[in-house]
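Enquirer: The structure is given below, and queries will be raised subsequently.
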Amino acid sequence: MSLALQVLVTGLAAGGIYGLIAVGYSVIYRLTGIVHFAYGELVSLGVFATLLIAAGTGPVTQKTAETGRFVVALVLGLAICIAAGVGSYLFAVQPYLSRGSTVGWVAAIVAVAFAIHAMLAAIFTRPSYVFPDPLPFRDLGHDGFVTLGGASLQIRSFFVIVFAIALALAARWALERTRFGRGLQAIAADAEGARIVGVPVDTLVALAFGLAGGLAAVAAIVAAPSGTVDVDTGALLGLKGLVAALVVRFGSPLKAMAAGLVLGVVEATIANAHIGTWELGPSYREVLPLVLVLLFVAVRPPLEAVEELE
Amino acid sequence: MTTIAERTGTALAEAAREARAAWRPWHVVAAVFLVLAALVPLAAPSWVHVDSLANGFYLALAATGLWITVGLAGMPSLGQGAFMAIGAFTVAVLTAKAGWPAFPATLVGVVAAGAAGILAGVGVVRLRPVFIAVTTWILTWTVTLFLLAFRSVSGGAQGIVVPSGLSVDGHYEVALALLVATIVVGASLARSGAGIELRAARQVPAAAAALGVATARRRLGAFVASAAIGGLAGGLAVQLAGVADAGEYGPYLSFRLLVAVLIGGVASALGPAAGVAGLALVTGAAGLLGAVEGVESARFDPMLAALLLLAVLALGGEGIVPLVRSLFPRPRPDFERRETPLAAPRRSPASARRAAPLLVAESLTKRFGNIVAADAVSLELAPGEVCALVGPNGSGKTTVLRLLAGVYRPDAGTVVFDGVDFADAPPRARARRGLVRTLQGSAAFGELTALENLIVGAGLRRVHGGGLRAALATPLARSEDAVTRDAAVAALSDVGLTWAADARAGELAGPEQRLLAVAAALATRPRALLLDEPSAGASLADVQRLDALLADLRERGVAVLLVEHNLRLVRAVADRVIVMAAGAVIAVGSPQAVSADPDVRTAYLGRAAL
């Protein structure tokens with residue numbers, strides 16, 4: 001029972017982050033029909049740009065979080081991610097969309113991913129880094145932990161779950177209730193039509209990429225303090241988010257969030273599950289969900305993923 | 001009736017003659033260059049690293065394999081690194097842990113990668129390009145994470161020490177030979193019927209499907225070939241390296257291989273090798289930069305490779321090989337538009353023919369949501385009859401053609417062709433039986449030559465047209481190539497476009513492209529043709545040419561169902577007119593009778609006269 005609760009909470013907390021990233025993938029796909037392969041690296045960029053501004057490349061402690069410089073670093077990290085989001089659209093996506101070349105933008109956006117990754121890897125050379133928590137969860141409960149039904153749970157986890165779901169709800173609200181969001185929905189339905197009736201398509205799409213970049217930074221700041229981070233963290237989170245988004249066919253923010261949460265719980269379950277005496281264990285945690293999703297796409301491809309022969 | 005043996009013999013003699021005729025001075029240069037390259041290990045100065053060169057050749061081999069999927073089939077695969085990994089670790093585990101000799105282990109590695117290619121390919125080939133990229137990307141991550149997680153397979157951070165069956169020089173020669181052979185086979189595949197079909201399906205998938213191209217099967221073949229070649233390259237490269245390290249076969253390798261294909265140029269089988277050479281220069285530059293900055297050079301390598309690709313793409317470049325080719329321009333054949341004299345249409349009154357109907361459709365119904373696009377449509381089509389299907393926009397004409405061709409499943413109703421019930425027959429099966437459709441709009445394959453467009457159609461009649469046979473240019477495949485080509489040439493002359501045989505279809509005028517699409521359908525030797533607005537945008541002269549063509553088809557006994565807005569053409573050629581409105585047939589009869597029908601005049605034409 002206590003194990004089940006533990007699995008559920010840690011799974012949902014990890015899944016909330018996957019969900020946020022899946023929301024980013026989905027919104028971008030709906031708008032432009034592209035899959036932002038560099039999205040995970042934007043998360044990495046959010047983490048490491050903030051660290052760089054807060055404390056250089058040296059070690060960071062929780063004390064750093066109490067300085068004014070850290071607040072500045074958070075704001076600048078967010079700004080850098082927004083700029084990188086817009087930049088990835090202007091330089092790696094837009095030119096190839098007009099040429100109608102899929103292999104062109106795929107290669108370009110993956111190139112952006114590896115360029116960001118290589119840059120971060122060249123600057124941050126230690127195997128792992130600590131990201132200080134902007135919010136003082138450490139001071140709550142027993143050193144940040146609370147005991148519920150026999151399970152020792154990180155208080156942060158609850159915050160992450162609530163925050164992620166709230167952000168997904170906010171994204172839905174923004175898409176459905178604001179003028180900006182309705183413009184985006186018009187573009188998603190019919191970009192040419194939207195252009196003709198006077199929707200500033202290019203500006204709105206660039207803005208949406210910026211917001212998606214901002215979302216990546218927020219996901220980074222929420223996720224990073226829960227454990228140590230390294231330069232590959234973002235790529236892995238990006239992969240999980242992509243898998244979640246793929247399962248719900250890059251659907252609405254709430255669907256993407258739900259898929260992320262489910263993926264998180266599935267991973268946590270696999271990591272702790274044993275069938276009889278045979279333990280699945282953490283080795284299967286990463287691989288098994290990927291295999292299942294690939295099988296799912298192969299056996300029952302979503303209708304819109306199948307090439308139309310008409 | 002010639003036997004297969006005779007045909008093989010003739011084809012071999014033919015091949016030898018062709019090879020002599022096709023010999024060009026640059027072949028001598030290439031041959032000399034190859035011999036020199038093969039001699040490098042014997043006489044290399046000490047600063048030449050033979051092992052690095054051999055490793056580069058193996059990478060180029062994997063990239064050339066990937067080119068079959070990306071360049072020919074147009075599938076943006078981000079998964080080639082996964083297949084290299086499967087080959088490499090199969091060989092590593094078999095040789096280091098099970099004690100197998102290198103050669104059988106390598107073969108098993110190729111088979112394992114090919115089998116993985118079949119598994120992945122079955123799921124992937126039906127998908128749109130975006131989703132192919134996503135799923136292959138997830139695939140390459142899956143293999144990497146698997147290897148990192150399961151140390152019993154991958155040896156963990158230390159990797160597995162792999163014994164090699166060959167010396168470094170041996171690897172160099174093997175790698176060079178395999179690379180050259182793969183490039184030659186790849187180039188031959190691109191020119192073969194199978195390769196032309198892959199390129200056609202890449203450009204206009206729907207038009208290729210309408211001509212009966214087995215797109216999914218062709219693409220699966222290409223994907224599996226890429227995977228197997230990747231497995232071969234991985235299995236050999238790991239023996240050369242002496243250690244299998246899971247970290248080396250990640251998504252980054254997949255990306256590098258795709259980059260090699262793109263910067264080398266997707267249009268040529270030589271491109272990937274040139275791309276790998278380009279990337280090697282980048283690695284060299286990264287080493288220099290690293291030395292200057294005092295940092296490990298590997299850290300700069302991905303960044304420079306990424307920037308190089310972005311630069312090539314941003315400049316709109318087609319890659320290294322096309323760039324080099326453009327420095328040595330070949331004289332382009334001059335295409336002079338020639339009007340083929342029109343044969344006077346031979347007419348015989350439609351009433352003279354009383355043949356049994358070839359195509360019979362009964363109460364075909366198709367609904368999309370609340371809209372009834374086809375409402376209990378029944379029609380018959382006899383050999384040697386030209387029947388026009390007319391009606392206002394949205395009246396369901398194209399839907400009927402799609403139902404007949406098997407693109408849509410009807411909600412109710414039957415299609416019987418030549419006495420065979422077509423209820424479950426997919427478009428390709430219908431096309432093979434002789435029911436072929438053309439698409440609305442220009443459905444010619446713009447990047448293929450006019451003749452190649454027709455070879456796609458004529459390829460429907462092939463028996464020995466498999467991709468493997470084509471790639472190896474077996475005598476049977478070659479003899480059949482010749483037959484196919486003759487059929488294509490004949491069909492091209494039927495529509496008076498012989499002068500354009502070697503022109504890219506995209507360079508022809510719109511109406512000529514539409515005529516070409518009709519000719520490609522003709523090249524399949526159909527017994528019934530379903531033509532969707534072949535005259536759109538055509539000038540008077542073009543319409544006359546179409547008119548003559550249709551009359552000729554009638555003489556040959558082909559049944560034609562023609563969706564057409566040009567009423568002048570309808571009146572001139574149609575034996576019978578079927579009028580549709582709002583999904584239903586409202587009138588059938590001769591052009592004169594139909595145009596006199598008051599219902600037709602109000603429902604379709606308003607008050608204007610036909």
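In the structure tokens, each chain is lettered A, B, ... as it comes, each chain's residues begin at 1, and ligands are numbered from 1 in order of appearance.
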Define the interface residues of chain A facing chain B as those within 8 Å, counting only C-alpha atoms, and report them as a ChimeraX atom specification.

Expert: /A:34-35,92,95,102-104,106-108,110-112,114-116,118-119,121-122,239,243,283-284,286-287,290-291,294-295,297-299,301,305-310

Enquirer: I need the chosen residues saved as a PDB file, in the first residue's frame, with C-alpha atoms.

Expert:
```pdb
ATOM      1  CA  ILE A  34       6.236  20.066 -37.416  1.00  0.00           C
ATOM      2  CA  VAL A  35       7.629  18.085 -34.505  1.00  0.00           C
ATOM      3  CA  ALA A  92      15.172  26.048 -38.611  1.00  0.00           C
ATOM      4  CA  PRO A  95      12.473  28.354 -44.331  1.00  0.00           C
ATOM      5  CA  THR A 102      10.026  17.376 -44.545  1.00  0.00           C
ATOM      6  CA  VAL A 103      13.535  15.968 -44.525  1.00  0.00           C
ATOM      7  CA  GLY A 104      14.839  19.557 -44.612  1.00  0.00           C
ATOM      8  CA  VAL A 106      13.672  17.438 -39.661  1.00  0.00           C
ATOM      9  CA  ALA A 107      17.411  17.646 -40.247  1.00  0.00           C
ATOM     10  CA  ALA A 108      17.516  21.368 -39.420  1.00  0.00           C
ATOM     11  CA  VAL A 110      17.698  18.030 -35.062  1.00  0.00           C
ATOM     12  CA  ALA A 111      20.810  20.013 -35.972  1.00  0.00           C
ATOM     13  CA  VAL A 112      19.610  22.765 -33.642  1.00  0.00           C
ATOM     14  CA  PHE A 114      22.696  18.829 -31.271  1.00  0.00           C
ATOM     15  CA  ALA A 115      24.156  22.318 -31.558  1.00  0.00           C
ATOM     16  CA  ILE A 116      22.546  23.305 -28.230  1.00  0.00           C
ATOM     17  CA  ALA A 118      27.176  20.325 -27.857  1.00  0.00           C
ATOM     18  CA  MET A 119      27.382  23.901 -26.636  1.00  0.00           C
ATOM     19  CA  ALA A 121      28.389  19.892 -23.057  1.00  0.00           C
ATOM     20  CA  ALA A 122      31.387  22.064 -23.939  1.00  0.00           C
ATOM     21  CA  LEU A 239      11.914  12.081 -25.553  1.00  0.00           C
ATOM     22  CA  VAL A 243       6.218   9.810 -26.599  1.00  0.00           C
ATOM     23  CA  SER A 283      16.446  -1.203 -16.361  1.00  0.00           C
ATOM     24  CA  TYR A 284      13.070  -1.663 -18.016  1.00  0.00           C
ATOM     25  CA  GLU A 286      12.975   3.672 -19.848  1.00  0.00           C
ATOM     26  CA  VAL A 287      12.897   1.055 -22.568  1.00  0.00           C
ATOM     27  CA  LEU A 290       9.139   3.218 -25.732  1.00  0.00           C
ATOM     28  CA  VAL A 291       8.755  -0.286 -27.123  1.00  0.00           C
ATOM     29  CA  LEU A 294       6.366   1.921 -31.087  1.00  0.00           C
ATOM     30  CA  LEU A 295       4.250  -1.241 -31.190  1.00  0.00           C
ATOM     31  CA  VAL A 297       1.994   3.103 -33.655  1.00  0.00           C
ATOM     32  CA  ALA A 298       2.957   0.119 -35.813  1.00  0.00           C
ATOM     33  CA  VAL A 299      -0.170  -1.907 -35.123  1.00  0.00           C
ATOM     34  CA  PRO A 301      -1.299   3.974 -36.494  1.00  0.00           C
ATOM     35  CA  ALA A 305      -0.218   9.660 -39.244  1.00  0.00           C
ATOM     36  CA  VAL A 306      -0.958   7.417 -42.207  1.00  0.00           C
ATOM     37  CA  GLU A 307      -0.028   8.809 -45.581  1.00  0.00           C
ATOM     38  CA  GLU A 308      -3.108   9.767 -47.546  1.00  0.00           C
ATOM     39  CA  LEU A 309      -3.134   8.150 -50.921  1.00  0.00           C
ATOM     40  CA  GLU A 310      -5.591  10.677 -52.311  1.00  0.00           C
TER      41      GLU A 310
END
```

Enquirer: Could you work out how far atom CA of Val130 of chain A lies from atom CA of Thr228 of chain A, giving the answer in Å with one decimal?

Expert: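 Distance reported for this atom pair: 5.0 Å.
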
Enquirer: Report the distance between atom CA of Leu522 of chain B and atom CA of Thr398 of chain B in Å, rounded to one decimal place.

Expert: 19.5 Å

Enquirer: So that I can check the surroundings of Ser44 of chain A, please list as a PyMOL selection string every protein, DNA and RNA residue that reaches within 8 Å of it, counting only C-alpha atoms and ignoring chain neighbours fewer than 6 positions away.

Expert: chain A and resi 117+220+231-235

Enquirer: Go through A:Ala13, A:Leu3, A:Leu45, A:Ala188 one by one, measure the shortest atom-to-atom distance of each to Gly33 of chain A using only C-alpha atoms, and give the residue with the smallest value.

Expert: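 Closest residue, counting only C-alpha atoms: A:Ala188.
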
Enquirer: Set the distance at 9 Å and use only C-alpha atoms: which residues neighbour Ile586 of chain B once local chain neighbours fewer than 2 positions away are removed? I'd like the list as JSON, numbers by chain.

Expert: {"B": [578, 579, 580, 581, 584, 588, 599, 600, 603]}

Enquirer: Write the residues you've just listed into a file as a short mmCIF file (atom, residue, chain, number, x, y, z; two decimals), in the first residue's frame, and include C-alpha atoms for each of them.

Expert:
```cif
data_model
loop_
_atom_site.label_atom_id
_atom_site.label_comp_id
_atom_site.auth_asym_id
_atom_site.auth_seq_id
_atom_site.Cartn_x
_atom_site.Cartn_y
_atom_site.Cartn_z
CA ILE B 578 -24.19 10.44 -67.44
CA VAL B 579 -25.34 13.52 -65.56
CA MET B 580 -24.98 13.70 -61.79
CA ALA B 581 -26.37 16.19 -59.30
CA ALA B 584 -27.31 10.97 -57.75
CA VAL B 588 -28.26 9.13 -69.00
CA ASP B 599 -34.39 18.24 -65.81
CA VAL B 600 -30.74 18.45 -66.74
CA ALA B 603 -30.60 21.05 -62.25
#
```

Enquirer: Using only C-alpha atoms, which residues sit within 9 Å of Ala355 of chain B once same-chain residues fewer than 2 positions away are excluded, as an NGL selection string?

Expert: :B and (353 or 357-358 or 382-384)

Enquirer: Just the selected residues (C-alpha atoms), exported as a compact mmCIF listing (two decimals), in the first residue's frame, please.

Expert:
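The result, stored in result_23.txt:
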```
# COMPACT_ATOMS: atom_id res chain seq x y z
CA ARG B 353 -21.16 -1.71 -80.96
CA PRO B 357 -20.50 -4.30 -70.51
CA LEU B 358 -16.98 -4.57 -69.08
CA ALA B 382 -18.72 -1.28 -72.52
CA PRO B 383 -15.42 -1.89 -74.36
CA GLY B 384 -14.86 0.71 -77.03
```

Enquirer: Excluding Ala519 of chain B and any residue of its chain fewer than 6 positions from it, enumerate the residues within 9 Å of it, using only C-alpha atoms, and give them as a list in words.

Expert: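 That gives Asn453, Leu454, Gly457, Ala488, Ala491, Leu492, Asp494 and Val495 of chain B.
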
Enquirer: Atoms to include: C-alpha atoms. Write the selected residues as a compact mmCIF listing (two decimals), in the first residue's frame.

Expert:
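Final file, again36.txt:
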```txt
# COMPACT_ATOMS: atom_id res chain seq x y z
CA ASN B 453 6.73 8.73 -66.00
CA LEU B 454 5.50 6.16 -68.48
CA GLY B 457 2.82 2.91 -65.66
CA ALA B 488 6.68 3.29 -72.42
CA ALA B 491 2.68 5.02 -75.12
CA LEU B 492 4.64 8.26 -75.32
CA ASP B 494 0.57 7.62 -78.76
CA VAL B 495 0.12 10.99 -77.10
```

Enquirer: Could you check which of A:Leu20, A:Ile123, A:Leu135, A:Leu12 is closest to Gly58 of chain A, using only C-alpha atoms?

Expert: A:Ile123

Enquirer: Measuring atom to atom with only C-alpha atoms, identify which of A:Thr64, A:Ser88, A:Thr203, A:Gln154 is nearest to His36 of chain A.

Expert: A:Ser88

Enquirer: Could you please determine the separation between atom CA of Gly275 of chain B and atom CA of Leu472 of chain B in Å, to one decimal place?

Expert: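 Answer for the atom CA of Gly275 of chain B to atom CA of Leu472 of chain B separation: 24.5 Å.
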